[in-house]
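Novice: Next comes the structure file query.tsv, holding TSV, C-alpha atoms and all ligand atoms.
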chain	number	residue	atom	x	y	z
A	92	MET	CA	-21.08	-0.37	-5.30
A	93	LEU	CA	-22.91	-3.66	-4.75
A	94	ILE	CA	-25.75	-4.58	-7.10
A	95	LYS	CA	-28.26	-7.18	-5.99
A	96	ARG	CA	-30.80	-8.54	-8.41
A	97	SER	CA	-34.32	-9.51	-7.33
A	98	PRO	CA	-36.32	-12.26	-9.06
A	99	ASN	CA	-38.48	-9.78	-11.00
A	100	GLY	CA	-35.49	-8.04	-12.54
A	101	ILE	CA	-35.37	-4.95	-10.34
A	102	GLU	CA	-31.80	-4.28	-9.34
A	103	LEU	CA	-31.23	-3.03	-5.83
A	104	PRO	CA	-28.36	-0.55	-5.49
A	105	PHE	CA	-26.53	-0.21	-2.16
A	106	SER	CA	-24.52	2.96	-1.94
A	107	SER	CA	-23.89	3.87	1.67
A	108	GLU	CA	-21.35	6.49	0.61
A	109	ILE	CA	-23.94	8.78	-0.95
A	110	THR	CA	-26.94	7.95	1.23
A	111	PRO	CA	-27.72	9.50	4.59
A	112	ARG	CA	-27.28	6.87	7.33
A	113	ALA	CA	-30.94	6.83	8.45
A	114	VAL	CA	-32.19	6.35	4.90
A	115	PHE	CA	-29.61	3.66	4.30
A	116	GLU	CA	-30.59	1.74	7.42
A	117	ALA	CA	-34.31	2.00	6.71
A	118	ARG	CA	-33.65	0.73	3.22
A	119	ARG	CA	-31.63	-2.22	4.54
A	120	SER	CA	-34.41	-3.29	6.85
A	121	PHE	CA	-36.92	-2.90	4.02
A	122	ILE	CA	-34.79	-5.00	1.72
A	123	ARG	CA	-34.40	-7.67	4.42
A	124	GLN	CA	-38.21	-7.84	4.57
A	125	ALA	CA	-38.38	-7.98	0.78
A	126	ALA	CA	-35.91	-10.86	0.78
A	127	VAL	CA	-38.20	-12.94	2.98
A	128	GLY	CA	-41.19	-12.01	0.83
A	129	ALA	CA	-42.78	-9.65	3.38
A	130	VAL	CA	-43.27	-6.84	0.85
A	131	SER	CA	-44.19	-6.85	-2.81
A	132	SER	CA	-41.79	-5.69	-5.49
A	133	ALA	CA	-44.15	-2.78	-6.29
A	134	ALA	CA	-43.84	-1.60	-2.66
A	135	LEU	CA	-40.10	-1.99	-2.96
A	136	LEU	CA	-40.12	0.09	-6.14
A	137	GLU	CA	-42.21	2.74	-4.42
A	138	MET	CA	-39.72	3.04	-1.60
A	139	MET	CA	-36.85	3.21	-4.06
A	140	ASN	CA	-38.63	5.78	-6.18
A	141	ARG	CA	-39.15	8.07	-3.20
A	142	GLU	CA	-35.46	7.85	-2.62
A	143	ALA	CA	-34.79	8.47	-6.31
A	144	PHE	CA	-36.42	11.91	-6.06
A	145	ALA	CA	-34.22	12.76	-3.13
A	146	GLN	CA	-31.10	11.63	-4.94
A	147	GLY	CA	-31.87	12.06	-8.62
A	148	THR	CA	-31.42	8.34	-9.36
A	149	HIS	CA	-33.92	5.61	-10.27
A	150	PRO	CA	-34.17	1.90	-9.46
A	151	LYS	CA	-32.48	-0.31	-12.02
A	152	LEU	CA	-34.56	-2.55	-14.29
A	153	ALA	CA	-32.74	-5.58	-15.63
A	154	ALA	CA	-33.50	-6.17	-19.31
A	155	LYS	CA	-31.89	-8.06	-22.16
A	156	LEU	CA	-30.95	-6.00	-25.23
A	157	ASN	CA	-33.02	-6.93	-28.27
A	158	PRO	CA	-30.55	-6.25	-31.09
A	159	ALA	CA	-33.15	-6.90	-33.80
A	160	TYR	CA	-35.08	-3.84	-32.60
A	161	SER	CA	-32.20	-1.59	-31.62
A	162	ALA	CA	-30.88	1.37	-33.59
A	163	LEU	CA	-27.09	1.70	-33.78
A	164	ASP	CA	-27.27	5.52	-33.75
A	165	LYS	CA	-25.43	7.34	-30.97
A	166	GLN	CA	-27.70	7.45	-27.94
A	167	THR	CA	-29.03	10.75	-26.66
A	168	ALA	CA	-27.51	11.79	-23.33
A	169	TYR	CA	-29.70	10.85	-20.34
A	170	LYS	CA	-29.68	14.47	-19.24
A	171	ASP	CA	-31.11	15.67	-22.57
A	172	ALA	CA	-33.73	12.91	-22.71
A	173	THR	CA	-34.93	13.76	-19.20
A	174	THR	CA	-34.88	17.57	-19.32
A	175	TYR	CA	-36.23	18.31	-22.82
A	176	ASN	CA	-39.73	16.84	-22.69
A	177	ASN	CA	-43.30	17.20	-23.84
A	178	PHE	CA	-45.71	16.35	-21.01
A	179	TYR	CA	-48.33	19.08	-21.02
A	180	GLU	CA	-49.88	17.90	-17.76
A	181	PHE	CA	-46.79	19.50	-16.18
A	182	GLY	CA	-46.51	22.60	-18.37
A	183	THR	CA	-45.87	23.46	-22.01
A	184	ASP	CA	-42.18	24.43	-21.89
A	185	LYS	CA	-39.66	21.69	-22.61
A	186	SER	CA	-38.07	22.19	-19.18
A	187	ASP	CA	-41.39	22.17	-17.25
A	188	PRO	CA	-41.89	18.39	-16.88
A	189	ALA	CA	-38.45	17.85	-15.29
A	190	GLN	CA	-39.13	20.73	-12.90
A	191	ASN	CA	-42.77	19.99	-12.05
A	192	ALA	CA	-43.34	16.24	-12.34
A	193	GLY	CA	-42.02	15.47	-8.85
A	194	THR	CA	-45.63	15.71	-7.64
A	195	LEU	CA	-46.70	12.67	-9.71
A	196	ARG	CA	-47.35	9.68	-7.44
A	197	THR	CA	-46.47	6.58	-9.41
A	198	ARG	CA	-47.11	3.98	-6.67
A	199	PRO	CA	-49.56	2.41	-6.19
A	200	TRP	CA	-50.57	2.43	-9.87
A	201	THR	CA	-52.97	0.29	-11.82
A	202	VAL	CA	-53.87	0.01	-15.49
A	203	ALA	CA	-57.43	-1.10	-16.28
A	204	ILE	CA	-57.80	-3.02	-19.54
A	205	GLU	CA	-61.37	-3.24	-20.74
A	206	GLY	CA	-63.84	-2.98	-23.60
A	207	GLU	CA	-63.99	-5.55	-26.39
A	208	VAL	CA	-61.93	-8.25	-24.64
A	209	LYS	CA	-62.79	-11.69	-23.32
A	210	LYS	CA	-60.66	-11.19	-20.23
A	211	PRO	CA	-60.87	-7.62	-18.89
A	212	MET	CA	-58.38	-7.05	-16.11
A	213	THR	CA	-56.74	-4.48	-13.89
A	214	LEU	CA	-52.99	-4.91	-13.60
A	215	ASP	CA	-50.81	-3.32	-10.96
A	216	LEU	CA	-47.15	-2.57	-11.56
A	217	ASP	CA	-46.00	-5.89	-10.15
A	218	ALA	CA	-48.21	-7.69	-12.64
A	219	LEU	CA	-47.07	-5.45	-15.50
A	220	LEU	CA	-43.40	-5.99	-14.66
A	221	LYS	CA	-43.89	-9.75	-14.64
A	222	LEU	CA	-46.19	-10.10	-17.62
A	223	ALA	CA	-43.35	-10.72	-20.11
A	224	PRO	CA	-39.54	-10.64	-20.08
A	225	LEU	CA	-38.25	-7.07	-20.12
A	226	GLU	CA	-36.22	-6.09	-23.18
A	227	GLU	CA	-34.02	-3.10	-23.88
A	228	ARG	CA	-34.67	-1.55	-27.28
A	229	VAL	CA	-32.85	1.47	-28.60
A	230	TYR	CA	-35.45	3.41	-30.58
A	231	ARG	CA	-35.28	6.65	-32.51
A	232	LEU	CA	-38.19	8.88	-31.54
A	233	ARG	CA	-39.06	11.83	-33.77
A	234	CYS	CA	-41.26	14.68	-32.63
A	235	VAL	CA	-43.52	16.48	-35.12
A	236	GLU	CA	-41.81	19.71	-34.00
A	237	GLY	CA	-38.72	18.65	-35.95
A	238	TRP	CA	-36.34	17.12	-33.39
A	239	SER	CA	-35.44	13.55	-32.58
A	240	MET	CA	-33.72	11.49	-29.87
A	241	VAL	CA	-32.29	7.97	-29.60
A	242	ILE	CA	-33.25	6.30	-26.34
A	243	PRO	CA	-32.71	2.84	-24.82
A	244	TRP	CA	-36.21	1.98	-23.60
A	245	VAL	CA	-37.14	-0.97	-21.37
A	246	GLY	CA	-40.37	-2.88	-21.84
A	247	TYR	CA	-41.98	-5.54	-24.01
A	248	SER	CA	-44.19	-5.65	-27.09
A	249	PHE	CA	-47.74	-4.46	-26.45
A	250	SER	CA	-48.81	-7.64	-28.26
A	251	GLU	CA	-48.12	-9.46	-24.94
A	252	ILE	CA	-51.01	-7.52	-23.39
A	253	ILE	CA	-53.22	-8.25	-26.41
A	254	LYS	CA	-52.53	-11.99	-26.03
A	255	LYS	CA	-53.43	-11.87	-22.36
A	256	VAL	CA	-56.78	-10.06	-22.60
A	257	GLU	CA	-58.00	-11.85	-25.75
A	258	PRO	CA	-59.78	-9.18	-27.82
A	259	THR	CA	-63.19	-10.05	-29.27
A	260	GLY	CA	-63.86	-9.84	-33.01
A	261	ASN	CA	-65.28	-6.34	-32.42
A	262	ALA	CA	-61.97	-4.92	-31.22
A	263	LYS	CA	-60.73	-2.84	-34.15
A	264	TYR	CA	-58.84	-0.11	-32.24
A	265	VAL	CA	-57.01	0.38	-28.95
A	266	GLU	CA	-57.41	3.56	-26.91
A	267	PHE	CA	-54.77	4.67	-24.38
A	268	ILE	CA	-56.07	6.90	-21.60
A	269	THR	CA	-53.63	8.63	-19.28
A	270	LEU	CA	-53.82	10.09	-15.78
A	271	ALA	CA	-55.46	13.51	-15.42
A	272	ASP	CA	-55.32	14.55	-11.78
A	273	ASN	CA	-55.11	18.27	-11.14
A	274	LYS	CA	-53.82	17.65	-7.62
A	275	GLN	CA	-50.70	16.00	-9.01
A	276	MET	CA	-50.52	17.65	-12.42
A	277	PRO	CA	-50.55	21.46	-12.51
A	278	GLY	CA	-51.04	21.62	-16.31
A	279	VAL	CA	-54.37	19.79	-16.19
A	280	GLY	CA	-55.95	23.07	-15.06
A	281	SER	CA	-55.07	24.65	-18.41
A	282	ARG	CA	-57.13	24.47	-21.59
A	283	VAL	CA	-54.21	23.73	-23.86
A	284	LEU	CA	-55.61	20.20	-24.50
A	285	GLN	CA	-58.69	18.19	-23.55
A	286	TRP	CA	-57.85	15.94	-20.63
A	287	PRO	CA	-57.19	13.14	-20.08
A	288	TYR	CA	-54.50	12.97	-22.76
A	289	THR	CA	-55.78	10.17	-24.99
A	290	GLU	CA	-54.20	8.36	-27.91
A	291	GLY	CA	-55.16	5.45	-30.13
A	292	LEU	CA	-53.99	2.84	-32.62
A	293	ARG	CA	-55.60	0.46	-35.04
A	294	ILE	CA	-55.40	-3.01	-33.46
A	295	ASP	CA	-52.97	-4.35	-36.06
A	296	GLU	CA	-50.66	-1.39	-35.35
A	297	ALA	CA	-50.90	-2.10	-31.62
A	298	ASN	CA	-50.08	-5.74	-32.32
A	299	HIS	CA	-46.94	-4.90	-34.31
A	300	PRO	CA	-43.91	-6.13	-32.33
A	301	LEU	CA	-42.28	-2.66	-32.49
A	302	ALA	CA	-45.10	-1.15	-30.37
A	303	LEU	CA	-43.47	-1.10	-26.94
A	304	LEU	CA	-45.23	-1.05	-23.59
A	305	THR	CA	-42.55	0.83	-21.75
A	306	LEU	CA	-41.63	0.68	-18.05
A	307	GLY	CA	-38.11	2.09	-18.11
A	308	MET	CA	-35.27	3.81	-19.97
A	309	TYR	CA	-31.46	3.72	-19.73
A	310	GLY	CA	-31.71	0.54	-17.62
A	311	GLU	CA	-33.84	2.21	-14.94
A	312	THR	CA	-37.51	2.83	-14.17
A	313	LEU	CA	-39.00	5.78	-16.06
A	314	PRO	CA	-38.44	9.23	-14.58
A	315	ASN	CA	-41.78	10.96	-13.98
A	316	GLN	CA	-41.18	13.49	-16.76
A	317	ASN	CA	-40.82	10.64	-19.27
A	318	GLY	CA	-44.19	9.12	-18.45
A	319	ALA	CA	-43.70	7.02	-15.31
A	320	PRO	CA	-44.63	4.43	-14.45
A	321	VAL	CA	-45.90	3.09	-17.79
A	322	ARG	CA	-46.19	4.56	-21.29
A	323	MET	CA	-46.19	3.52	-24.93
A	324	VAL	CA	-43.31	4.09	-27.35
A	325	LEU	CA	-44.16	3.87	-31.07
A	326	PRO	CA	-40.96	4.64	-32.95
A	327	TRP	CA	-42.47	4.89	-36.46
A	328	LYS	CA	-45.00	7.53	-35.42
A	329	TYR	CA	-44.56	11.11	-34.24
A	330	GLY	CA	-43.79	11.32	-30.53
A	331	PHE	CA	-47.23	12.54	-29.50
A	332	LYS	CA	-48.73	9.11	-30.30
A	333	SER	CA	-46.66	7.65	-27.43
A	334	ALA	CA	-48.98	8.30	-24.46
A	335	LYS	CA	-47.38	8.73	-21.04
A	336	SER	CA	-48.57	7.65	-17.57
A	337	ILE	CA	-51.30	5.32	-18.85
A	338	VAL	CA	-54.14	4.33	-16.48
A	339	LYS	CA	-56.62	2.72	-18.85
A	340	ILE	CA	-56.47	0.78	-22.11
A	341	ARG	CA	-59.72	0.22	-23.99
A	342	PHE	CA	-60.28	-2.12	-26.93
A	343	VAL	CA	-63.00	-0.52	-29.04
A	344	LYS	CA	-65.00	-0.93	-32.23
A	345	ASP	CA	-64.71	2.63	-33.57
A	346	GLN	CA	-61.69	4.80	-34.18
A	347	PRO	CA	-61.13	6.70	-30.91
A	348	ARG	CA	-60.79	10.49	-30.76
A	349	THR	CA	-57.33	11.57	-29.68
A	350	SER	CA	-56.29	14.67	-27.74
A	351	TRP	CA	-54.19	16.36	-30.43
A	352	ASN	CA	-56.67	15.50	-33.17
A	353	LEU	CA	-59.48	17.06	-31.12
A	354	SER	CA	-57.43	20.18	-30.51
A	355	ALA	CA	-56.27	20.73	-34.15
A	356	PRO	CA	-57.73	18.17	-36.59
A	357	SER	CA	-56.03	19.70	-39.64
A	358	GLU	CA	-52.61	19.43	-37.97
A	359	TYR	CA	-52.73	16.05	-36.23
A	360	GLY	CA	-54.24	13.05	-37.97
A	361	PHE	CA	-55.07	9.73	-36.35
A	362	TYR	CA	-52.20	7.85	-38.03
A	363	SER	CA	-49.37	10.36	-37.62
A	364	ASN	CA	-46.76	8.10	-39.16
A	365	VAL	CA	-43.43	9.84	-39.60
A	366	ASN	CA	-43.65	10.93	-43.24
A	367	PRO	CA	-41.17	13.34	-44.84
A	368	ASN	CA	-43.61	13.83	-47.75
A	369	VAL	CA	-46.46	15.27	-45.68
A	370	ASP	CA	-45.56	18.51	-43.92
A	371	HIS	CA	-47.27	19.70	-40.77
A	372	PRO	CA	-48.83	23.12	-41.57
A	373	ARG	CA	-46.27	24.83	-39.33
A	374	TRP	CA	-43.20	22.58	-39.56
A	375	SER	CA	-41.47	20.81	-42.44
A	376	GLN	CA	-41.19	17.08	-41.85
A	377	ALA	CA	-38.41	16.62	-44.45
A	378	SER	CA	-35.56	16.88	-41.95
A	379	GLU	CA	-34.88	16.86	-38.25
A	380	ARG	CA	-32.44	18.03	-35.59
A	381	ARG	CA	-30.98	15.32	-33.32
A	382	ILE	CA	-31.12	16.65	-29.77
A	383	GLY	CA	-27.72	17.13	-28.18
A	384	GLU	CA	-25.86	16.05	-31.28
A	385	ASP	CA	-24.38	19.26	-32.62
A	386	GLY	CA	-26.20	22.15	-30.96
A	387	PHE	CA	-28.80	24.48	-32.40
A	388	LEU	CA	-26.88	25.54	-35.51
A	389	ALA	CA	-26.29	21.94	-36.50
A	390	ARG	CA	-26.78	20.42	-39.92
A	391	LYS	CA	-30.13	18.66	-40.09
A	392	ARG	CA	-30.70	14.97	-40.83
A	393	LYS	CA	-33.06	13.82	-43.54
A	394	THR	CA	-36.21	12.39	-42.00
A	395	LEU	CA	-36.94	8.85	-43.18
A	396	MET	CA	-40.32	7.37	-44.05
A	397	TYR	CA	-41.71	5.63	-40.94
A	398	ASN	CA	-38.66	7.10	-39.15
A	399	GLY	CA	-36.66	4.33	-40.86
A	400	TYR	CA	-38.83	1.49	-39.45
A	401	ASN	CA	-39.85	0.02	-42.81
A	402	ASP	CA	-41.07	-3.16	-41.11
A	403	VAL	CA	-44.39	-1.42	-40.55
A	404	ALA	CA	-45.00	-0.52	-44.24
A	405	SER	CA	-47.30	-3.50	-44.83
A	406	LEU	CA	-49.71	-2.12	-42.21
A	407	TYR	CA	-50.46	0.76	-44.60
A	408	ALA	CA	-50.44	-1.05	-47.95
A	409	GLY	CA	-52.95	0.54	-50.33
A	410	MET	CA	-53.62	3.55	-48.08
A	411	ASP	CA	-53.23	7.12	-49.31
A	412	LEU	CA	-50.95	8.44	-46.57
A	413	LYS	CA	-51.54	12.06	-47.64
A	414	LYS	CA	-55.22	11.57	-46.79
A	415	PHE	CA	-54.61	9.35	-43.75
A	416	PHE	CA	-51.84	11.50	-42.24
A	501	LIG	N1	-48.37	11.89	-22.97
A	501	LIG	C1	-49.07	12.66	-22.12
A	501	LIG	N2	-49.85	12.05	-21.19
A	501	LIG	N3	-49.03	14.02	-22.18
A	501	LIG	C2	-48.27	14.67	-23.11
A	501	LIG	O1	-48.27	15.92	-23.16
A	501	LIG	N4	-46.74	14.45	-25.02
A	501	LIG	C3	-46.41	13.63	-26.18
A	501	LIG	C4	-45.98	12.21	-25.79
A	501	LIG	N5	-46.84	11.68	-24.74
A	501	LIG	C5	-47.52	13.88	-24.03
A	501	LIG	C6	-47.58	12.47	-23.91
A	501	LIG	C7	-45.41	14.23	-27.04
A	501	LIG	S1	-45.91	15.62	-27.92
A	501	LIG	C8	-44.16	13.73	-27.19
A	501	LIG	S2	-43.07	14.35	-28.36
A	501	LIG	C9	-43.68	12.62	-26.33
A	501	LIG	O2	-44.63	12.24	-25.33
A	501	LIG	C10	-42.40	13.06	-25.64
A	501	LIG	O3	-41.82	12.01	-24.88
A	501	LIG	P1	-40.46	12.30	-24.09
A	501	LIG	O4	-40.64	13.57	-23.31
A	501	LIG	O5	-40.24	11.11	-23.22
A	501	LIG	O6	-39.39	12.47	-25.14
Could you quickly redo this structure as structure tokens?
Ligand code: MTE

Specialist:
Amino acid sequence: MLIKRSPNGIELPFSSEITPRAVFEARRSFIRQAAVGAVSSAALLEMMNREAFAQGTHPKLAAKLNPAYSALDKQTAYKDATTYNNFYEFGTDKSDPAQNAGTLRTRPWTVAIEGEVKKPMTLDLDALLKLAPLEERVYRLRCVEGWSMVIPWVGYSFSEIIKKVEPTGNAKYVEFITLADNKQMPGVGSRVLQWPYTEGLRIDEANHPLALLTLGMYGETLPNQNGAPVRMVLPWKYGFKSAKSIVKIRFVKDQPRTSWNLSAPSEYGFYSNVNPNVDHPRWSQASERRIGEDGFLARKRKTLMYNGYNDVASLYAGMDLKKFF
């Protein structure tokens, strides 16, 4: 298999053996046009993504491993990470997103960044892909339901976005608003949550280098069920803080309301840092099951404060984390 690399880091796979001839030829002509600059890399990604659905593969995203931010734990199998998901816009069962998210159209896609910033802007995927060098970071992600995964994500620190839009002195929080389109997302018709799925961070949390604006995983663009084309990954917080399929980012003065907090305020606080000392009313947070590691009857792992990411501790100095859970 030949791998060609384009200037923006998207790798172009050629695999005539597994591709129907017509598709292969159309792709070749498209790539020839791309090579002479006749199409944008976002259009190229769109074409490749359409093909990915047909073939169950995704375009490659070249990224340099950032060892300082990478866990050495055994990585979760791609199959587990892409078939055991929470993405309620596509249903509430873990297997629903992988089955239903094929209807999500991820190209064209824009993210509007607005509110308390000197330079509001709307970025398309091309602009997002080029905004900063892409890094691979292997993060542990722990869900409040008591399971965890270890995934090699691709993206860059959200602080790169903050630098670009220049928040005003009034910007104390960042709100992440995701797509809610009932034509593409069957779950948006249900009342399980208030839509759009919305999350938020204090601005210093958003500025922490661990907060990852994520465009890919396992060296490829994000599968739809994992929040394509752009999501956050916040490894020291419970998984639900990591909003998927983001369309708007607002810098705001007041602490934003968030979907899970609106639905069950006593169960889901604004901070939601991984904390083995504060149990969720329905689930202990003292230990966790690593997905795919040893099966359902497996020994559990002890959950670590901040999921083991102690770098963030100074963000919460002096705060009572039982009160601010
Ligand atoms: N983002 C949106 N838009 N909708 C969701 O339902 N679920 C959250 C979070 N982001 C969710 C979301 C929850 S509960 C978790 S645990 C993580 O996504 C799961 O991410 P993963 O499926 O990639 O592991």

Novice: With a distance cut-off of 9 Å and all atoms listed in the file, select the neighbouring residues of region 222-232 of chain A, excluding the residue or stretch itself and same-chain residues fewer than 2 positions from it, and output the selection as an MDAnalysis selection string.

Specialist: chainID A and resid 100 152:164 166 217:220 234 238:248 251:252 255 303 306:310 324:330 398:399

Novice: Please provide as a list in words all residues within 9 Å of Ile340 (chain A), with the sequence filter that same-chain residues fewer than 6 positions apart are discarded (counting only C-alpha atoms).

Specialist: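 Using only C-alpha atoms, the neighbours found are Val202, Ala203, Ile204, Glu205, Gly206, Val265, Glu266, Phe267, Ile268 and Thr269 of chain A.
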
Novice: Using only C-alpha atoms, which residues sit within 7 Å of Gly360 (chain A) once same-chain residues fewer than 6 positions away are excluded, as a PDB file with C-alpha atoms, in the frame of the given file?

Specialist:
ATOM      1  CA  ASN A 352     -56.670  15.500 -33.170  1.00  0.00           C
ATOM      2  CA  PHE A 415     -54.610   9.350 -43.750  1.00  0.00           C
ATOM      3  CA  PHE A 416     -51.840  11.500 -42.240  1.00  0.00           C
TER       4      PHE A 416
END

Novice: Nearest residue to Trp351 (chain A) out of A:Leu313, A:Leu195, A:Ala389, A:Leu284, using only C-alpha atoms?

Specialist: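 Looking at the shortest contact to Trp351 (chain A), the residue is A:Leu284.
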
Novice: Looking at A:Ala302, A:Val343, A:Ser378, A:Arg373, which one is nearest to Asp402 (chain A), with distances taken over all atoms listed in the file?

Specialist: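 Closest candidate: A:Ala302.
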
Novice: Find the distance between CA of Arg381 (chain A) and CA of Ala319 (chain A) and write it in Å to one decimal.

Specialist: 23.6 Å

Novice: Can you tell me which residues sit at most 6 Å away from ligand LIG 501 (chain A), counting only C-alpha atoms and all ligand atoms, written as a list in words?

Specialist: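 So the residues close to ligand LIG 501 (chain A) are Asn176, Asn177, Phe178, Tyr179, Glu180, Cys234, Thr269, Tyr288, Asn317, Gly330, Phe331, Ser333, Ala334, Lys335 and Ser336 of chain A.
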
Novice: What is the CA of Ser375 (chain A) to CA of Gly237 (chain A) distance in Å?

Specialist: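 It comes out at 7.4 Å.
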
Novice: Using only C-alpha atoms, which of A:Val283, A:Leu270, A:Leu216, A:Val235 sits nearest Gly182 (chain A)?

Specialist: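 Closest candidate: A:Val283.
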
Novice: Pick from A:Val208, A:Leu406, A:Leu304, A:Leu214: nearest to Thr259 (chain A), with only C-alpha atoms counted?

Specialist: A:Val208

Novice: Using CA of Gln275 (chain A) and CA of Lys185 (chain A) as the two end points, give the distance in Å to one decimal.

Specialist: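 Result for CA of Gln275 (chain A) versus CA of Lys185 (chain A): 18.4 Å, one decimal.
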
Novice: Counting all atoms listed in the file, figure out which residue out of A:Val403, A:Arg322, A:Arg198, A:Tyr359 gets nearest to Asn298 (chain A).

Specialist: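 Answer, going by the shortest atom-to-atom distance: A:Val403.
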
Novice: When you count all atoms listed in the file, which of these residues is closest to Ala297 (chain A): A:Arg282, A:Lys221, A:Lys332, A:Lys391?

Specialist: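 Of all the options, A:Lys332 lies closest to Ala297 (chain A).
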
Novice: Write out as a list in words which residues come within 10 Å of Asn273 (chain A) when counting all atoms listed in the file, dropping same-chain ones fewer than 5 positions away.

Specialist: Glu180, Phe181, Gly278, Val279, Gly280 and Ser281 of chain A

Novice: Tell me which protein, DNA and RNA residues are within 6 Å of region 366-368 of chain A, counting all atoms listed in the file, leaving out same-chain ones fewer than 6 positions away, and put them as a list of chain:residue names.

Specialist: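 Contacts, in chain order: A:Gln376, A:Ala377, A:Thr394, A:Met396.
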
Novice: Report, as AutoDock Vina command-line options, the centre and edge lengths in Å (one decimal) of the axis-aligned box enclosing every listed atom of region 199-211 of chain A, padded by 3 Å on each side.

Specialist:
--center_x -56.8 --center_y -4.6 --center_z -16.3 --size_x 20.4 --size_y 20.1 --size_z 26.2
